[in-house]
Amino acid sequence: MGTDIASPAGELPKIARPLISAEATQKVLAFAALIILFIGFSVASPNFLQFNNIVGILLATAVNGILAIGVTYVIINGGIDLSIGTVMTFSAVMTGVFVTYWQWPVPLGIFAGILMGSFAGFINGVIIAKMKIPPFIATLGMMYVAKGLSLIISGLKPIYFNDSPGFRDIATGSLIGGIIPGFNIPNAVVIMFGAAIVAGLILARTVLGRYTFALGSNEEATRLSGVNVDRWKIAVYTVCGTFAGVAGVVIASRLNSAQPALGQGYELDAIAAVVIGGTSLSGGEGTVLGTVIGAFVLSVLTNGLRIMSVPQEWQVVVTGAIVILAVYLDILRRRRK
Amino acid sequence: MPDILLSVSGLEKSFPGVHALSECHFELRVGEVHALVGENGAGKSTMMKIIAGVYQKDAGQILLRGKEVDIPSPRVAQHLGISMIHQELNLMPHLTVAQNIFIGREPRNAALPFLLDDQAINAQSKALLESLRLTIDPRTRVTDLTVARQQMVEIAKALSLNAQVLIMDEPTAALTESEIDELFRVIRDLREQGVGIVYISHRLEELKQISDRITVMRDGRYIETLNTPEAKIDTIISLMVGRTIYQTAQELPENASGEIVLEVRNLNRGRDLKDINFHLKKGEILGFAGLMGAGRTEVARAIFGADPIDSGEIYIHGERVHIHQPRDAVKHGIGYLSEDRKRYGLNVGMDVQTNVALASFNKFLGMLGVVNDNQMRTTATHYVKQLDIRTPSVQQRVKNLSGGNQQKVVIAKWLTADTEILIFDEPTRGIDVGAKSEIYKLLNELAAQGKSIIMISSELPEILRMSHRVIVMCEGRITGELSMANATQEGIMKFATQRHALVAPDL
């Protein structure tokens, strides 16, 4: 009577388990897409498979990857966060204020900058959980508020970090290059992978991760089981905001400046990465690994098309098509279950 | 003298407009399976939800093992050892069995309390499932389990909360025979261990198998408790239905001709509809009785093309028709007045005249598709007069009308569309007594004019009053057919609770 399906996670090596929650098929699809793109572009152009180009791809993925990892939580939770782009910029601007204007030591300034992102996420969470405003609307509002604040606080001009020479190295320096000569992988990439590992562990091993899934799967049942739904919802949005804060520091370091006009639009690339990675927008399931793969699919695509001299406008068209295709495949996969 | 586990007395509960429970009492012993039966709306779920902390009582007393308790929330109920398994299971489908069982109370890592101890969660769940003699891997995702096993998970969860009182609401509704056997085995095991189980169900034959006592409720009141071994099904049914004597005289229009306008053969759809065969005569009012979920609305929607069917044939005036969507049905002269008229029958934001024209817009179009406002107004005004619809004007927004008048607007809509066959689904739901008799009068007039009517209703007095014939359904099957002369409340209820088609229970 009814064969019981053993969890696939039980068969994977222990080290891989924290990054994977359950269904393998969704990630396999995204991963296969990535491999196909990789091979395709390598064949199409000799310039693709160069060390410098690969490093370029990695670096280009870093900021979007961090944002996407953060918003994965929110999407698994059954919500959405449209403010991550402008909150990222807001964190960057605030870091600029702390480090350059107020002359705080760089580590403290960075910490405070990230905290600004957390705070924005916290406000999102409170508005959504307590005021019962739908996530789409609440974070849309926050998107505009953060954008406006960035412009106001910065006085409409960029804040430079020239006074803090070490700041640039946070993203573009290379710790690995220092250890393994010639292997200059930028720190931003390491930060992204580090963020991915931490995020994956939290999702798989901690109470926060468990309740993120539970709320996304059946919020009412979770509430009736006695869980403080409001508190954990706020926590999820705060986590997302924190990752936006980290992304803000990384992008400020890459540009060696906080650019207040940037940011809006980044949220869409992040959400696209999550969706391509197989996480369902209806919540209850998803993986950090899938999101990372999705982010790479996007940047490999963009990079490859550019190397093949495809005009930028077409790159965007292709990206849109891929997103629709990814969601459709996900719907098909779900229907077959 | 067996121990009393739970004792409820003087329970009162009202919702806006509805007095749901009056002076209810109930008693559950240690190690007892106590069945709770009653018609739809009798108050069974309401009383149990109060005990489970989902609702708050207005008045009354609840004693747990002799001590008075207050149950303000489901969490408190759980702490007191009361668990309820609802009909809509309260599980997180994406999570595993173990994760569901321990949600909210996960064992933590000793050193780092924010980390979950998944090994402990899985091990303890496994032990729990084994104590119920179930072979379910705790790492399985709940959505990969059958409904029967999902229910077992809920039971395991209740046990892990040390439930002493387990309330089960229609537990066997979605189960196969062998799954029911396994459920009963688990229930008997729990009874051995001293757990008190409240078993809400319509399935009277099952109750005879599994319960120790049966309590009947009706209209929000406690009626009687019977010892199962001595209880006869007929007795239970008459207690459920009561001896309501229907006062007003029945207004029976004459049966016009014997012509069959609609015939349905071998209609099937998955688990919802099985082998539906019936016919409808011209000028007839055919009542469809049964409990909620019996499949009557599904039959209506299938005939109307609102839902697809697996197999079956529909004949109108003797000719086979193919109805794939409501448009086809309307073309063949079938109209459907749904249960939830505000959601499915009307555009509440629009005015009366637009709603009246809604099913037959092509009649009101002039050149180039321009809407002929005058014609709409005239038609609407005609029906307002004919059906006595109380509205200040035909431009009045429908949502401002009372329930009874809204229903009349829906009727006007279908009359405008020249439908011959009208399916009324719960025609007087949410309508006050005065308006009800107007609707009844209307129905009789329509039948007298030669329209053929199928009337789905959960109100037995209404069925008995209005129908020329009554078809009774239970769980997707037609279980009985009664003529006006033979139909009684008991008779209908007997068929409505009978699980297998046209097999008379001999208990």
# chains A, B, ... in the order shown; residues from 1 in each chain; ligands from 1
$ residues_around --residues "Val198 in chain A" --least-positions-apart "6" --cutoff "12 Å" --atoms "only C-alpha atoms" --output "list in words"
Pro18, Leu19, Ile66, Ile69, Gly70, Ile191, Met192, Ala204, Arg205, Thr206, Gly209, Val239, Phe243, Val288 and Leu289 of chain A
$ interface_residues --of "chain B" --to "chain A" --cutoff "8 Å" --atoms "only C-alpha atoms" --output "ChimeraX atom specification"
/B:74-75,90-95,103-104,106,114-118,136-137,139-141,144-146
$ write_last_selection --atoms "N, CA and C atoms" --output "mmCIF file, in the first residue's frame"
data_model
loop_
_atom_site.group_PDB
_atom_site.id
_atom_site.type_symbol
_atom_site.label_atom_id
_atom_site.label_comp_id
_atom_site.auth_asym_id
_atom_site.auth_seq_id
_atom_site.Cartn_x
_atom_site.Cartn_y
_atom_site.Cartn_z
ATOM 1 N N PRO B 74 -6.082 27.337 19.748
ATOM 2 C CA PRO B 74 -5.711 25.950 19.452
ATOM 3 C C PRO B 74 -4.472 25.514 20.233
ATOM 4 N N ARG B 75 -3.587 26.459 20.475
ATOM 5 C CA ARG B 75 -2.373 26.094 21.190
ATOM 6 C C ARG B 75 -2.686 25.645 22.608
ATOM 7 N N ASN B 90 -4.474 19.953 8.068
ATOM 8 C CA ASN B 90 -3.617 21.077 8.430
ATOM 9 C C ASN B 90 -2.156 20.704 8.328
ATOM 10 N N LEU B 91 -1.712 20.433 7.129
ATOM 11 C CA LEU B 91 -0.327 20.034 6.963
ATOM 12 C C LEU B 91 0.369 20.969 5.986
ATOM 13 N N MET B 92 1.678 21.050 6.094
ATOM 14 C CA MET B 92 2.466 21.804 5.128
ATOM 15 C C MET B 92 2.954 20.832 4.070
ATOM 16 N N PRO B 93 2.390 20.903 2.871
ATOM 17 C CA PRO B 93 2.663 19.857 1.875
ATOM 18 C C PRO B 93 4.126 19.736 1.461
ATOM 19 N N HIS B 94 4.858 20.870 1.501
ATOM 20 C CA HIS B 94 6.236 20.780 1.005
ATOM 21 C C HIS B 94 7.196 20.214 2.037
ATOM 22 N N LEU B 95 6.734 20.159 3.273
ATOM 23 C CA LEU B 95 7.621 19.666 4.328
ATOM 24 C C LEU B 95 7.489 18.159 4.499
ATOM 25 N N ILE B 103 6.420 20.572 13.938
ATOM 26 C CA ILE B 103 6.435 22.010 13.637
ATOM 27 C C ILE B 103 6.094 22.808 14.888
ATOM 28 N N GLY B 104 6.938 23.808 15.162
ATOM 29 C CA GLY B 104 6.694 24.641 16.327
ATOM 30 C C GLY B 104 7.334 24.119 17.587
ATOM 31 N N GLU B 106 10.338 21.984 17.485
ATOM 32 C CA GLU B 106 11.455 21.170 17.030
ATOM 33 C C GLU B 106 12.528 21.007 18.106
ATOM 34 N N PHE B 114 19.915 27.529 17.813
ATOM 35 C CA PHE B 114 19.184 27.952 16.630
ATOM 36 C C PHE B 114 19.250 26.908 15.525
ATOM 37 N N LEU B 115 20.075 25.881 15.755
ATOM 38 C CA LEU B 115 20.143 24.792 14.782
ATOM 39 C C LEU B 115 19.144 23.709 15.164
ATOM 40 N N LEU B 116 18.474 23.171 14.142
ATOM 41 C CA LEU B 116 17.522 22.098 14.407
ATOM 42 C C LEU B 116 18.248 20.771 14.521
ATOM 43 N N ASP B 117 17.709 19.899 15.354
ATOM 44 C CA ASP B 117 18.278 18.568 15.449
ATOM 45 C C ASP B 117 17.445 17.641 14.575
ATOM 46 N N ASP B 118 17.747 17.648 13.275
ATOM 47 C CA ASP B 118 16.925 16.872 12.357
ATOM 48 C C ASP B 118 16.971 15.386 12.647
ATOM 49 N N ILE B 136 5.547 4.426 7.450
ATOM 50 C CA ILE B 136 5.768 5.641 6.670
ATOM 51 C C ILE B 136 7.164 6.169 6.999
ATOM 52 N N ASP B 137 7.952 6.442 5.975
ATOM 53 C CA ASP B 137 9.277 7.011 6.206
ATOM 54 C C ASP B 137 9.116 8.465 6.617
ATOM 55 N N ARG B 139 10.927 10.862 6.478
ATOM 56 C CA ARG B 139 11.558 11.853 5.615
ATOM 57 C C ARG B 139 10.800 12.066 4.315
ATOM 58 N N THR B 140 9.658 11.411 4.171
ATOM 59 C CA THR B 140 8.859 11.609 2.969
ATOM 60 C C THR B 140 8.177 12.960 3.002
ATOM 61 N N ARG B 141 8.105 13.607 1.841
ATOM 62 C CA ARG B 141 7.361 14.869 1.788
ATOM 63 C C ARG B 141 5.870 14.552 1.848
ATOM 64 N N ASP B 144 3.782 13.864 -1.200
ATOM 65 C CA ASP B 144 3.960 12.599 -1.903
ATOM 66 C C ASP B 144 3.133 11.473 -1.294
ATOM 67 N N LEU B 145 2.436 11.754 -0.215
ATOM 68 C CA LEU B 145 1.637 10.716 0.433
ATOM 69 C C LEU B 145 0.202 10.753 -0.067
ATOM 70 N N THR B 146 -0.459 9.613 0.039
ATOM 71 C CA THR B 146 -1.888 9.600 -0.266
ATOM 72 C C THR B 146 -2.634 10.330 0.850
#
$ residues_around --residues "range 388-400 of chain B" --least-positions-apart "6" --cutoff "12 Å" --atoms "only C-alpha atoms" --output "PyMOL selection string"
chain B and resi 341-343+345-357+373-374+376-382+406-412+435+438-439+441-442
$ residues_around --residues "Pro2 in chain B" --least-positions-apart "5" --cutoff "10 Å" --atoms "only C-alpha atoms" --output "list of chain:residue names"
B:Arg29, B:Val30, B:Gly31, B:Glu32
$ residues_around --residues "Asp81 in chain A" --least-positions-apart "6" --cutoff "7 Å" --atoms "only C-alpha atoms" --output "PyMOL selection string"
chain A and resi 71+74+135-136+139
$ closest_residue --among "B:Leu28, B:Ile101, B:Met240, B:Leu175" --to "Gly43 in chain B" --atoms "only C-alpha atoms"
B:Met240
$ atom_distance --atom1 "CA of Leu273 in chain B" --atom2 "CA of Ile309 in chain B"
8.8 Å
$ select_by_dssp --residues "range 270-466 of chain B" --states "strand (DSSP E)" --output "number ranges by chain"
B: 273-281, 285-290, 311-316, 319-321, 334-337, 421-425, 452-456
$ residues_around --residues "Ile62 in chain B" --least-positions-apart "4" --cutoff "8 Å" --atoms "only C-alpha atoms" --output "list in words"
Leu6, Ser7, Val8, Ser9, Ile51, Glu68, Val69 and Asp70 of chain B
$ write_last_selection --atoms "N, CA and C atoms" --output "PDB file, in the first residue's frame"
ATOM      1  N   LEU B   6     -14.127  14.204  29.158  1.00  0.00           N
ATOM      2  CA  LEU B   6     -14.501  15.552  28.751  1.00  0.00           C
ATOM      3  C   LEU B   6     -15.996  15.707  28.951  1.00  0.00           C
ATOM      4  N   SER B   7     -16.393  16.838  29.520  1.00  0.00           N
ATOM      5  CA  SER B   7     -17.813  17.060  29.715  1.00  0.00           C
ATOM      6  C   SER B   7     -18.141  18.496  29.368  1.00  0.00           C
ATOM      7  N   VAL B   8     -19.106  18.662  28.478  1.00  0.00           N
ATOM      8  CA  VAL B   8     -19.491  19.987  28.017  1.00  0.00           C
ATOM      9  C   VAL B   8     -20.945  20.201  28.365  1.00  0.00           C
ATOM     10  N   SER B   9     -21.283  21.381  28.912  1.00  0.00           N
ATOM     11  CA  SER B   9     -22.694  21.618  29.201  1.00  0.00           C
ATOM     12  C   SER B   9     -23.064  23.076  28.999  1.00  0.00           C
ATOM     13  N   ILE B  51     -14.356  23.262  21.395  1.00  0.00           N
ATOM     14  CA  ILE B  51     -13.537  22.425  22.275  1.00  0.00           C
ATOM     15  C   ILE B  51     -12.077  22.459  21.839  1.00  0.00           C
ATOM     16  N   GLU B  68     -12.733  22.529  35.467  1.00  0.00           N
ATOM     17  CA  GLU B  68     -13.188  23.456  34.442  1.00  0.00           C
ATOM     18  C   GLU B  68     -11.993  24.047  33.709  1.00  0.00           C
ATOM     19  N   VAL B  69     -12.109  24.151  32.398  1.00  0.00           N
ATOM     20  CA  VAL B  69     -10.999  24.722  31.619  1.00  0.00           C
ATOM     21  C   VAL B  69     -11.497  25.802  30.684  1.00  0.00           C
ATOM     22  N   ASP B  70     -10.566  26.678  30.348  1.00  0.00           N
ATOM     23  CA  ASP B  70     -10.820  27.738  29.390  1.00  0.00           C
ATOM     24  C   ASP B  70      -9.937  27.458  28.177  1.00  0.00           C
TER      25      ASP B  70
END
$ select_by_dssp --residues "range 218-430 of chain B" --states "alpha helix (DSSP H)" --output "VMD selection string"
chain B and resid 233 to 241 296 to 304 326 to 331 352 to 357 373 to 387 403 to 416
$ write_last_selection --atoms "C-alpha atoms" --output "tab-separated table (two decimals), in the first residue's frame"
chain	number	residue	atom	x	y	z
B	233	ILE	CA	-30.06	3.23	11.84
B	234	ASP	CA	-33.70	4.15	11.40
B	235	THR	CA	-33.79	5.49	14.92
B	236	ILE	CA	-30.69	7.55	14.37
B	237	ILE	CA	-32.13	8.98	11.19
B	238	SER	CA	-35.41	9.99	12.72
B	239	LEU	CA	-33.58	11.68	15.58
B	240	MET	CA	-31.41	13.56	13.07
B	241	VAL	CA	-34.35	14.71	11.07
B	296	ARG	CA	-25.50	17.52	-6.80
B	297	THR	CA	-23.80	20.76	-7.76
B	298	GLU	CA	-21.29	18.71	-9.71
B	299	VAL	CA	-24.11	17.12	-11.72
B	300	ALA	CA	-25.54	20.55	-12.44
B	301	ARG	CA	-22.23	21.97	-13.51
B	302	ALA	CA	-21.52	18.97	-15.67
B	303	ILE	CA	-24.83	19.29	-17.50
B	304	PHE	CA	-24.25	23.02	-17.83
B	326	PRO	CA	-21.76	26.98	-20.66
B	327	ARG	CA	-22.30	28.70	-23.99
B	328	ASP	CA	-23.37	25.40	-25.52
B	329	ALA	CA	-25.73	24.77	-22.62
B	330	VAL	CA	-27.38	28.17	-22.99
B	331	LYS	CA	-27.78	27.59	-26.71
B	352	VAL	CA	-30.19	45.38	-12.93
B	353	GLN	CA	-30.71	45.82	-16.63
B	354	THR	CA	-27.19	44.72	-17.53
B	355	ASN	CA	-27.46	41.66	-15.36
B	356	VAL	CA	-30.78	40.73	-16.91
B	357	ALA	CA	-29.22	40.92	-20.34
B	373	ASP	CA	-29.68	50.49	-24.19
B	374	ASN	CA	-33.38	51.06	-24.75
B	375	GLN	CA	-34.08	47.47	-25.47
B	376	MET	CA	-32.20	46.35	-22.35
B	377	ARG	CA	-34.18	48.75	-20.25
B	378	THR	CA	-37.49	47.61	-21.68
B	379	THR	CA	-36.71	43.95	-21.15
B	380	ALA	CA	-35.50	44.52	-17.61
B	381	THR	CA	-38.54	46.59	-16.74
B	382	HIS	CA	-40.80	43.87	-18.09
B	383	TYR	CA	-39.29	41.29	-15.78
B	384	VAL	CA	-39.16	43.60	-12.83
B	385	LYS	CA	-42.90	43.84	-13.15
B	386	GLN	CA	-43.52	40.22	-13.93
B	387	LEU	CA	-41.37	38.82	-11.15
B	403	GLY	CA	-31.00	38.50	-1.44
B	404	GLY	CA	-34.45	37.54	-2.61
B	405	ASN	CA	-34.57	40.27	-5.22
B	406	GLN	CA	-31.07	39.45	-6.40
B	407	GLN	CA	-32.24	35.90	-6.96
B	408	LYS	CA	-35.14	37.19	-9.01
B	409	VAL	CA	-32.73	39.15	-11.18
B	410	VAL	CA	-30.86	35.95	-11.88
B	411	ILE	CA	-34.12	34.26	-12.81
B	412	ALA	CA	-34.94	37.16	-15.12
B	413	LYS	CA	-31.58	36.72	-16.76
B	414	TRP	CA	-32.31	33.13	-17.67
B	415	LEU	CA	-35.83	33.89	-18.80
B	416	THR	CA	-34.46	36.57	-21.11
$ atom_distance --atom1 "CA of Asn277 in chain B" --atom2 "CA of Pro461 in chain B"
24.7 Å
